[in-house]
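Visitor: Sharing data_1.pdb (PDB, C-alpha atoms) below.
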```pdb
ATOM      1  CA  MET W  29      44.222 290.105 110.177
ATOM      2  CA  LYS W  30      42.562 290.880 106.813
ATOM      3  CA  ARG W  31      42.954 287.246 105.786
ATOM      4  CA  ILE W  32      41.189 285.979 108.920
ATOM      5  CA  LEU W  33      38.417 288.580 108.751
ATOM      6  CA  LEU W  34      37.872 287.790 105.074
ATOM      7  CA  PHE W  35      37.634 284.069 105.839
ATOM      8  CA  VAL W  36      35.167 284.584 108.703
ATOM      9  CA  ALA W  37      33.075 287.149 106.809
ATOM     10  CA  THR W  38      32.933 284.969 103.691
ATOM     11  CA  ASN W  39      31.998 281.992 105.833
ATOM     12  CA  LEU W  40      29.137 283.843 107.559
ATOM     13  CA  ALA W  41      27.896 285.184 104.233
ATOM     14  CA  ILE W  42      27.879 281.703 102.714
ATOM     15  CA  LEU W  43      25.998 280.314 105.727
ATOM     16  CA  VAL W  44      23.305 282.984 105.407
ATOM     17  CA  VAL W  45      22.956 282.498 101.641
ATOM     18  CA  LEU W  46      22.782 278.697 101.983
ATOM     19  CA  SER W  47      20.218 278.955 104.766
ATOM     20  CA  ILE W  48      17.976 281.300 102.777
ATOM     21  CA  THR W  49      18.338 279.205  99.620
ATOM     22  CA  LEU W  50      17.489 275.942 101.381
ATOM     23  CA  ARG W  51      14.538 277.619 103.088
ATOM     24  CA  LEU W  52      13.184 278.858  99.770
ATOM     25  CA  LEU W  53      13.631 275.377  98.294
ATOM     26  CA  GLY W  54      11.663 273.878 101.194
ATOM     27  CA  VAL W  55      14.507 271.771 102.602
ATOM     28  CA  ASP W  56      13.853 273.087 106.122
ATOM     29  CA  ARG W  57      10.525 271.254 106.125
ATOM     30  CA  ILE W  58      12.307 267.959 106.824
ATOM     31  CA  LEU W  59      13.206 269.371 110.221
ATOM     32  CA  ASP W  60       9.587 269.754 111.244
ATOM     33  CA  ALA W  61       8.723 266.137 111.995
ATOM     34  CA  GLU W  62       4.981 265.506 111.959
ATOM     35  CA  GLY W  63       4.335 269.217 112.219
ATOM     36  CA  SER W  64       4.998 269.461 115.942
ATOM     37  CA  ALA W  65       8.622 268.822 116.896
ATOM     38  CA  LEU W  66      12.119 269.067 115.490
ATOM     39  CA  ASN W  67      13.818 265.949 114.200
ATOM     40  CA  PHE W  68      17.147 266.425 115.987
ATOM     41  CA  ASN W  69      18.966 263.743 114.016
ATOM     42  CA  ALA W  70      17.965 265.316 110.710
ATOM     43  CA  LEU W  71      18.766 268.763 112.097
ATOM     44  CA  LEU W  72      22.270 267.710 113.123
ATOM     45  CA  VAL W  73      23.002 266.252 109.673
ATOM     46  CA  PHE W  74      21.506 269.332 108.020
ATOM     47  CA  SER W  75      23.634 271.611 110.231
ATOM     48  CA  ALA W  76      26.847 269.691 109.528
ATOM     49  CA  VAL W  77      26.298 269.750 105.759
ATOM     50  CA  ILE W  78      25.740 273.510 105.700
ATOM     51  CA  GLY W  79      28.349 274.248 108.388
ATOM     52  CA  PHE W  80      31.208 272.351 106.821
ATOM     53  CA  GLY W  81      30.040 273.228 103.322
ATOM     54  CA  GLY W  82      30.330 276.954 104.020
ATOM     55  CA  SER W  83      33.707 276.563 105.686
ATOM     56  CA  LEU W  84      35.167 274.384 102.922
ATOM     57  CA  ILE W  85      33.880 276.723 100.210
ATOM     58  CA  SER W  86      35.579 279.601 102.045
ATOM     59  CA  LEU W  87      38.805 277.595 102.174
ATOM     60  CA  ALA W  88      38.609 276.712  98.487
ATOM     61  CA  MET W  89      38.118 280.393  97.643
ATOM     62  CA  SER W  90      40.797 281.659 100.040
ATOM     63  CA  LYS W  91      43.711 281.989  97.612
ATOM     64  CA  TRP W  92      41.613 283.469  94.820
ATOM     65  CA  SER W  93      39.823 285.918  97.124
ATOM     66  CA  ALA W  94      43.055 286.987  98.862
ATOM     67  CA  LYS W  95      44.689 287.809  95.519
ATOM     68  CA  HIS W  96      41.710 289.859  94.397
ATOM     69  CA  MET W  97      41.230 291.607  97.726
ATOM     70  CA  THR W  98      44.861 292.764  97.935
ATOM     71  CA  GLY W  99      45.671 292.989  94.224
ATOM     72  CA  ALA W 100      48.655 290.700  94.792
ATOM     73  CA  MET W 101      50.722 290.040  91.675
ATOM     74  CA  VAL W 102      52.336 286.602  91.534
ATOM     75  CA  ILE W 103      56.023 286.604  90.573
ATOM     76  CA  GLU W 104      56.189 284.338  87.532
ATOM     77  CA  ILE W 105      59.708 285.351  86.512
ATOM     78  CA  PRO W 106      61.684 287.644  88.877
ATOM     79  CA  SER W 107      62.235 291.019  87.231
ATOM     80  CA  ASN W 108      64.739 292.402  89.739
ATOM     81  CA  ALA W 109      67.066 291.383  92.558
ATOM     82  CA  THR W 110      64.411 291.838  95.255
ATOM     83  CA  GLU W 111      61.930 289.561  93.525
ATOM     84  CA  GLY W 112      64.673 287.019  92.906
ATOM     85  CA  TRP W 113      65.628 287.066  96.582
ATOM     86  CA  LEU W 114      61.973 286.629  97.623
ATOM     87  CA  VAL W 115      61.460 283.596  95.407
ATOM     88  CA  ASP W 116      64.776 281.995  96.393
ATOM     89  CA  THR W 117      64.153 282.551 100.107
ATOM     90  CA  VAL W 118      60.646 281.067 100.014
ATOM     91  CA  ARG W 119      61.903 278.114  97.947
ATOM     92  CA  ARG W 120      64.674 277.400 100.469
ATOM     93  CA  GLN W 121      62.323 277.701 103.439
ATOM     94  CA  ALA W 122      59.623 275.573 101.797
ATOM     95  CA  ARG W 123      62.165 272.849 101.127
ATOM     96  CA  ALA W 124      63.331 272.975 104.755
ATOM     97  CA  ALA W 125      59.713 272.845 105.971
ATOM     98  CA  GLY W 126      58.912 269.875 103.733
ATOM     99  CA  ILE W 127      56.187 271.517 101.620
ATOM    100  CA  GLY W 128      55.754 272.255  97.933
ATOM    101  CA  MET W 129      56.901 275.588  96.538
ATOM    102  CA  PRO W 130      54.168 278.209  97.168
ATOM    103  CA  GLU W 131      53.322 280.978  94.747
ATOM    104  CA  VAL W 132      55.133 284.171  95.754
ATOM    105  CA  ALA W 133      53.441 287.534  95.273
ATOM    106  CA  ILE W 134      53.817 291.222  96.083
ATOM    107  CA  TYR W 135      50.928 293.599  96.684
ATOM    108  CA  ASP W 136      50.933 297.379  96.905
ATOM    109  CA  SER W 137      50.437 298.631 100.461
ATOM    110  CA  PRO W 138      52.394 301.036 102.699
ATOM    111  CA  ASP W 139      51.781 298.759 105.707
ATOM    112  CA  ILE W 140      54.295 296.167 106.861
ATOM    113  CA  ASN W 141      52.385 292.985 106.235
ATOM    114  CA  ALA W 142      52.418 289.542 104.668
ATOM    115  CA  PHE W 143      50.076 286.590 104.435
ATOM    116  CA  ALA W 144      49.931 282.944 103.430
ATOM    117  CA  THR W 145      46.834 281.109 102.323
ATOM    118  CA  GLY W 146      45.601 278.142 100.329
ATOM    119  CA  MET W 147      43.763 274.872 100.914
ATOM    120  CA  ASN W 148      46.773 272.656 100.192
ATOM    121  CA  LYS W 149      50.264 272.663 101.715
ATOM    122  CA  ASN W 150      51.710 272.020  98.285
ATOM    123  CA  ASN W 151      49.609 274.621  96.462
ATOM    124  CA  ALA W 152      49.682 277.719  98.632
ATOM    125  CA  LEU W 153      50.418 281.428  98.299
ATOM    126  CA  VAL W 154      52.858 283.662 100.189
ATOM    127  CA  ALA W 155      52.455 287.395  99.598
ATOM    128  CA  VAL W 156      54.273 290.395 101.048
ATOM    129  CA  SER W 157      53.410 294.073 100.944
ATOM    130  CA  SER W 158      55.555 296.662  99.215
ATOM    131  CA  GLY W 159      55.731 298.429 102.588
ATOM    132  CA  LEU W 160      57.387 295.399 104.157
ATOM    133  CA  LEU W 161      60.084 295.346 101.471
ATOM    134  CA  GLN W 162      60.718 299.058 101.946
ATOM    135  CA  LYS W 163      60.719 299.239 105.743
ATOM    136  CA  MET W 164      62.227 295.928 106.873
ATOM    137  CA  SER W 165      65.784 294.732 106.634
ATOM    138  CA  GLN W 166      66.490 291.563 104.668
ATOM    139  CA  ASP W 167      66.919 289.548 107.877
ATOM    140  CA  GLU W 168      63.578 290.821 109.231
ATOM    141  CA  ALA W 169      61.815 290.101 105.922
ATOM    142  CA  GLU W 170      63.331 286.610 105.896
ATOM    143  CA  ALA W 171      61.843 285.942 109.340
ATOM    144  CA  VAL W 172      58.408 287.137 108.187
ATOM    145  CA  LEU W 173      58.566 284.853 105.157
ATOM    146  CA  ALA W 174      59.536 281.953 107.436
ATOM    147  CA  HIS W 175      56.562 282.789 109.649
ATOM    148  CA  GLU W 176      54.194 282.539 106.682
ATOM    149  CA  VAL W 177      55.827 279.345 105.375
ATOM    150  CA  SER W 178      55.362 277.889 108.873
ATOM    151  CA  HIS W 179      51.640 278.672 108.683
ATOM    152  CA  ILE W 180      51.478 276.596 105.505
ATOM    153  CA  ALA W 181      53.607 273.761 106.908
ATOM    154  CA  ASN W 182      51.440 273.636 110.052
ATOM    155  CA  GLY W 183      48.293 273.327 107.918
ATOM    156  CA  ASP W 184      46.769 276.278 109.726
ATOM    157  CA  MET W 185      44.226 277.240 107.075
ATOM    158  CA  ILE W 186      42.956 273.667 106.822
ATOM    159  CA  THR W 187      42.694 273.323 110.604
ATOM    160  CA  LEU W 188      40.987 276.714 110.788
ATOM    161  CA  ALA W 189      38.433 275.551 108.217
ATOM    162  CA  LEU W 190      37.703 272.375 110.200
ATOM    163  CA  ILE W 191      37.298 274.307 113.447
ATOM    164  CA  GLN W 192      35.061 276.800 111.654
ATOM    165  CA  GLY W 193      33.024 273.881 110.296
ATOM    166  CA  VAL W 194      32.451 272.453 113.767
ATOM    167  CA  VAL W 195      31.531 275.886 115.100
ATOM    168  CA  ASN W 196      29.186 276.474 112.164
ATOM    169  CA  THR W 197      27.438 273.167 112.807
ATOM    170  CA  PHE W 198      26.559 274.110 116.375
ATOM    171  CA  VAL W 199      25.587 277.661 115.379
ATOM    172  CA  ILE W 200      23.110 276.377 112.789
ATOM    173  CA  PHE W 201      21.816 273.641 115.088
ATOM    174  CA  LEU W 202      21.233 275.971 118.051
ATOM    175  CA  SER W 203      19.773 278.762 115.910
ATOM    176  CA  ARG W 204      17.145 276.343 114.511
ATOM    177  CA  VAL W 205      16.307 275.129 118.021
ATOM    178  CA  ILE W 206      15.910 278.732 119.228
ATOM    179  CA  GLY W 207      13.755 279.570 116.215
ATOM    180  CA  HIS W 208      11.596 276.507 116.847
ATOM    181  CA  LEU W 209      11.086 277.391 120.527
ATOM    182  CA  VAL W 210      10.197 281.022 119.770
ATOM    183  CA  ASP W 211       7.790 279.924 117.041
ATOM    184  CA  ARG W 212       6.061 277.405 119.312
ATOM    185  CA  VAL W 213       6.172 279.126 122.726
ATOM    186  CA  VAL W 214       5.899 282.828 121.850
ATOM    187  CA  PHE W 215       3.905 282.795 118.604
ATOM    188  CA  LYS W 216       1.958 279.601 119.434
ATOM    189  CA  THR W 217       2.407 278.016 116.015
ATOM    190  CA  GLU W 218       0.901 274.556 116.296
ATOM    191  CA  GLU W 219       1.601 273.061 112.890
ATOM    192  CA  GLY W 220       4.602 273.502 110.634
ATOM    193  CA  HIS W 221       6.726 276.608 111.044
ATOM    194  CA  GLY W 222       5.589 280.186 110.717
ATOM    195  CA  PRO W 223       7.583 283.266 109.620
ATOM    196  CA  ALA W 224       8.788 283.727 113.215
ATOM    197  CA  TYR W 225      10.805 280.510 112.951
ATOM    198  CA  PHE W 226      12.692 281.655 109.866
ATOM    199  CA  ILE W 227      13.286 285.213 111.094
ATOM    200  CA  THR W 228      14.328 284.173 114.620
ATOM    201  CA  SER W 229      16.604 281.421 113.293
ATOM    202  CA  LEU W 230      18.344 283.848 110.947
ATOM    203  CA  ILE W 231      18.880 286.459 113.690
ATOM    204  CA  ALA W 232      20.076 283.793 116.145
ATOM    205  CA  GLN W 233      22.453 282.418 113.513
ATOM    206  CA  LEU W 234      24.039 285.836 112.981
ATOM    207  CA  VAL W 235      24.362 286.538 116.728
ATOM    208  CA  LEU W 236      25.701 283.072 117.567
ATOM    209  CA  GLY W 237      28.031 283.280 114.565
ATOM    210  CA  ILE W 238      29.595 286.461 115.917
ATOM    211  CA  LEU W 239      29.973 284.943 119.396
ATOM    212  CA  ALA W 240      31.449 281.762 117.915
ATOM    213  CA  THR W 241      34.043 283.898 116.165
ATOM    214  CA  THR W 242      35.781 284.241 119.549
ATOM    215  CA  ILE W 243      36.604 280.510 119.376
ATOM    216  CA  VAL W 244      38.098 280.889 115.917
ATOM    217  CA  MET W 245      40.070 283.946 117.045
ATOM    218  CA  TRP W 246      41.450 282.011 120.042
ATOM    219  CA  PHE W 247      42.781 279.352 117.689
ATOM    220  CA  SER W 248      44.199 282.062 115.439
ATOM    221  CA  ARG W 249      46.155 283.535 118.353
ATOM    222  CA  GLN W 250      47.589 280.121 119.251
ATOM    223  CA  ARG W 251      48.677 279.462 115.680
ATOM    224  CA  GLU W 252      50.582 282.762 115.628
ATOM    225  CA  PHE W 253      52.755 281.537 118.503
ATOM    226  CA  ARG W 254      53.394 278.280 116.615
ATOM    227  CA  ALA W 255      54.250 280.130 113.409
ATOM    228  CA  ASP W 256      56.652 282.381 115.338
ATOM    229  CA  ALA W 257      58.380 279.277 116.716
ATOM    230  CA  GLY W 258      58.517 277.827 113.209
ATOM    231  CA  SER W 259      60.111 281.005 111.913
ATOM    232  CA  ALA W 260      62.701 280.833 114.693
ATOM    233  CA  GLN W 261      63.651 277.363 113.467
ATOM    234  CA  LEU W 262      63.741 278.274 109.775
ATOM    235  CA  SER W 263      65.367 281.701 109.939
ATOM    236  CA  GLY W 264      66.686 282.122 113.480
ATOM    237  CA  ARG W 265      65.143 283.318 116.731
ATOM    238  CA  THR W 266      67.025 286.622 116.672
ATOM    239  CA  LYS W 267      65.674 287.507 113.242
ATOM    240  CA  MET W 268      62.078 286.771 114.232
ATOM    241  CA  ILE W 269      62.350 288.835 117.401
ATOM    242  CA  ALA W 270      63.837 291.679 115.364
ATOM    243  CA  ALA W 271      60.937 291.468 112.895
ATOM    244  CA  LEU W 272      58.373 291.688 115.707
ATOM    245  CA  GLN W 273      60.248 294.595 117.269
ATOM    246  CA  ARG W 274      60.143 296.361 113.904
ATOM    247  CA  LEU W 275      56.367 295.928 113.927
ATOM    248  CA  GLN W 276      56.291 297.415 117.419
ATOM    249  CA  GLN W 277      58.189 300.471 116.226
ATOM    250  CA  GLU W 278      55.813 300.839 113.284
ATOM    251  CA  TYR W 279      52.477 300.258 115.020
ATOM    252  CA  GLU W 280      52.948 301.016 118.720
ATOM    253  CA  PRO W 281      51.838 303.050 120.506
ATOM    254  CA  SER W 282      48.552 302.539 118.701
ATOM    255  CA  HIS W 283      46.773 305.596 117.351
ATOM    256  CA  LEU W 284      43.718 303.679 116.191
ATOM    257  CA  PRO W 285      40.305 305.003 117.259
ATOM    258  CA  GLU W 286      38.987 303.172 120.292
ATOM    259  CA  LYS W 287      36.069 301.610 118.387
ATOM    260  CA  ILE W 288      38.358 299.735 115.997
ATOM    261  CA  ALA W 289      41.431 299.284 118.184
ATOM    262  CA  ALA W 290      40.394 295.684 118.913
ATOM    263  CA  PHE W 291      41.270 294.788 115.342
ATOM    264  CA  GLY W 292      44.700 296.416 115.289
ATOM    265  CA  ILE W 293      47.829 294.330 114.810
ATOM    266  CA  SER W 294      49.327 295.724 118.010
ATOM    267  CA  GLY W 295      46.528 294.357 120.146
ATOM    268  CA  GLN W 296      43.868 295.752 122.446
ATOM    269  CA  ARG W 297      44.116 296.382 126.154
ATOM    270  CA  SER W 298      40.538 295.467 127.144
ATOM    271  CA  GLN W 299      39.756 291.825 127.832
ATOM    272  CA  LEU W 300      36.541 292.023 125.797
ATOM    273  CA  GLY W 301      38.393 293.346 122.769
ATOM    274  CA  ARG W 302      41.040 290.658 123.190
ATOM    275  CA  LEU W 303      38.440 287.951 122.523
ATOM    276  CA  PHE W 304      38.128 289.167 118.930
ATOM    277  CA  MET W 305      41.853 289.609 118.251
ATOM    278  CA  SER W 306      43.312 287.314 115.592
ATOM    279  CA  HIS W 307      46.887 287.987 116.768
ATOM    280  CA  PRO W 308      48.349 288.110 120.303
ATOM    281  CA  PRO W 309      49.928 291.415 121.359
ATOM    282  CA  LEU W 310      53.421 291.801 119.925
ATOM    283  CA  GLU W 311      55.042 291.985 123.363
ATOM    284  CA  GLU W 312      53.575 288.563 124.253
ATOM    285  CA  ARG W 313      54.911 287.041 121.037
ATOM    286  CA  ILE W 314      58.382 288.470 121.669
ATOM    287  CA  GLU W 315      58.342 287.228 125.259
ATOM    288  CA  ALA W 316      57.286 283.741 124.125
ATOM    289  CA  LEU W 317      60.243 283.574 121.708
ATOM    290  CA  ARG W 318      62.665 284.747 124.370
ATOM    291  CA  ALA W 319      61.294 282.254 126.887
ATOM    292  CA  ALA W 320      61.607 279.405 124.383
ATOM    293  CA  GLY W 321      65.237 280.360 123.819
TER
END
```
Hey, can you dump this file as structure tokens for me?

Guide:
Amino acid sequence: MKRILLFVATNLAILVVLSITLRLLGVDRILDAEGSALNFNALLVFSAVIGFGGSLISLAMSKWSAKHMTGAMVIEIPSNATEGWLVDTVRRQARAAGIGMPEVAIYDSPDINAFATGMNKNNALVAVSSGLLQKMSQDEAEAVLAHEVSHIANGDMITLALIQGVVNTFVIFLSRVIGHLVDRVVFKTEEGHGPAYFITSLIAQLVLGILATTIVMWFSRQREFRADAGSAQLSGRTKMIAALQRLQQEYEPSHLPEKIAAFGISGQRSQLGRLFMSHPPLEERIEALRAAG
């Protein structure tokens, strides 16, 4: 969940910074053809460049930012049996999945968690929390590692970046159209673009960006089912179900405050909150594995 939120937040921040920078440099003026109407062809190209640029920059930064956000320490040379087992297990699973050996790291956190990230299948990172190593059995931890290796093998971060790029393109395009209409119709600007265009476009971009996040979160939920299935193939269906059941014991019933429950790993009961969930509820993931078996 932190990995997805970091990616989306970084992406939105980059979009805003790029938009402001290009506005200050006067690039937006090419969109105001002859001072009266938008040049939609130029706007679409402009939107795609910024949209995919922000998404690809986020992807390129993903491994670096994840390490710094969590304080994950990469295992260069295993210093104990646990670290040796982690590296050997990931190496075996990566070989079975047909990808290059990822970096393996541990970060300090009491939560049961793990993540995989990176812009290249053959240059990725798999990290696990200290809480996972303490609270999960070896079979359960193996299934979690297989889940993360499956994310890498499926190219999920790359696909997520491409989907985010497409979404960004339409967000920027529509926000500029809305800003143009408000500037012309409400503020009656007849030539060029006034301050209302810039302010309205920026607000519309932020609002549409948040709404567009629901599309990205939908894809994220689907990829979790695929990664669960991949883990079942690499480590065994029983082990993956056991790992998810361990998460249920740890996190359910949820004691999160209602205002932030939508972002909990155990899911949210309201349909509105579900739109912004990066992971399906654990019971649905367990049921999907059982049904596939």

Visitor: Taking only C-alpha atoms into account, name the residue in W:Met101, W:Leu209, W:Leu202, W:Leu272 that is nearest to Ser157 in chain W.

Guide: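 Nearest candidate to Ser157 in chain W out of W:Met101, W:Leu209, W:Leu202, W:Leu272: W:Met101.
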
Visitor: Restricting the calculation to only C-alpha atoms, which member of W:Phe247, W:Glu219, W:Ile206, W:Leu190 is positioned closest to Ile231 in chain W?

Guide: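 The answer is W:Ile206, which sits nearest to Ile231 in chain W.
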
Visitor: List the residues selected by the PyMOL selection byres ((chain W and resi 315) around 12) in the file shown, writing them as a compact mmCIF listing (two decimals) with C-alpha atoms, in the frame of the given file.

Guide:
```
# COMPACT_ATOMS: atom_id res chain seq x y z
CA PHE W 253 52.76 281.54 118.50
CA ASP W 256 56.65 282.38 115.34
CA ALA W 257 58.38 279.28 116.72
CA ARG W 265 65.14 283.32 116.73
CA MET W 268 62.08 286.77 114.23
CA ILE W 269 62.35 288.83 117.40
CA LEU W 272 58.37 291.69 115.71
CA GLN W 273 60.25 294.60 117.27
CA PRO W 308 48.35 288.11 120.30
CA PRO W 309 49.93 291.42 121.36
CA LEU W 310 53.42 291.80 119.92
CA GLU W 311 55.04 291.98 123.36
CA GLU W 312 53.58 288.56 124.25
CA ARG W 313 54.91 287.04 121.04
CA ILE W 314 58.38 288.47 121.67
CA ALA W 316 57.29 283.74 124.12
CA LEU W 317 60.24 283.57 121.71
CA ARG W 318 62.66 284.75 124.37
CA ALA W 319 61.29 282.25 126.89
CA ALA W 320 61.61 279.40 124.38
CA GLY W 321 65.24 280.36 123.82
```

Visitor: Check which residues satisfy the PyMOL selection byres ((chain W and resi 180) around 10) in the file shown, then give them as a list of chain:residue names.

Guide: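 This file, filtered by the PyMOL selection byres ((chain W and resi 180) around 10), leaves W:Ala122, W:Ala125, W:Ile127, W:Gly128, W:Pro130, W:Ala144, W:Thr145, W:Gly146, W:Met147, W:Asn148, W:Lys149, W:Asn150, W:Asn151, W:Ala152, W:Leu153, W:Val154, W:Ala174, W:His175, W:Glu176, W:Val177, W:Ser178, W:His179, W:Ala181, W:Asn182, W:Gly183, W:Asp184, W:Met185, W:Ile186, W:Ala255.
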
Visitor: Tell me, in Å to one decimal, how far CA of Val244 in chain W is from CA of Gln192 in chain W.

Guide: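 The value is 6.6 Å.
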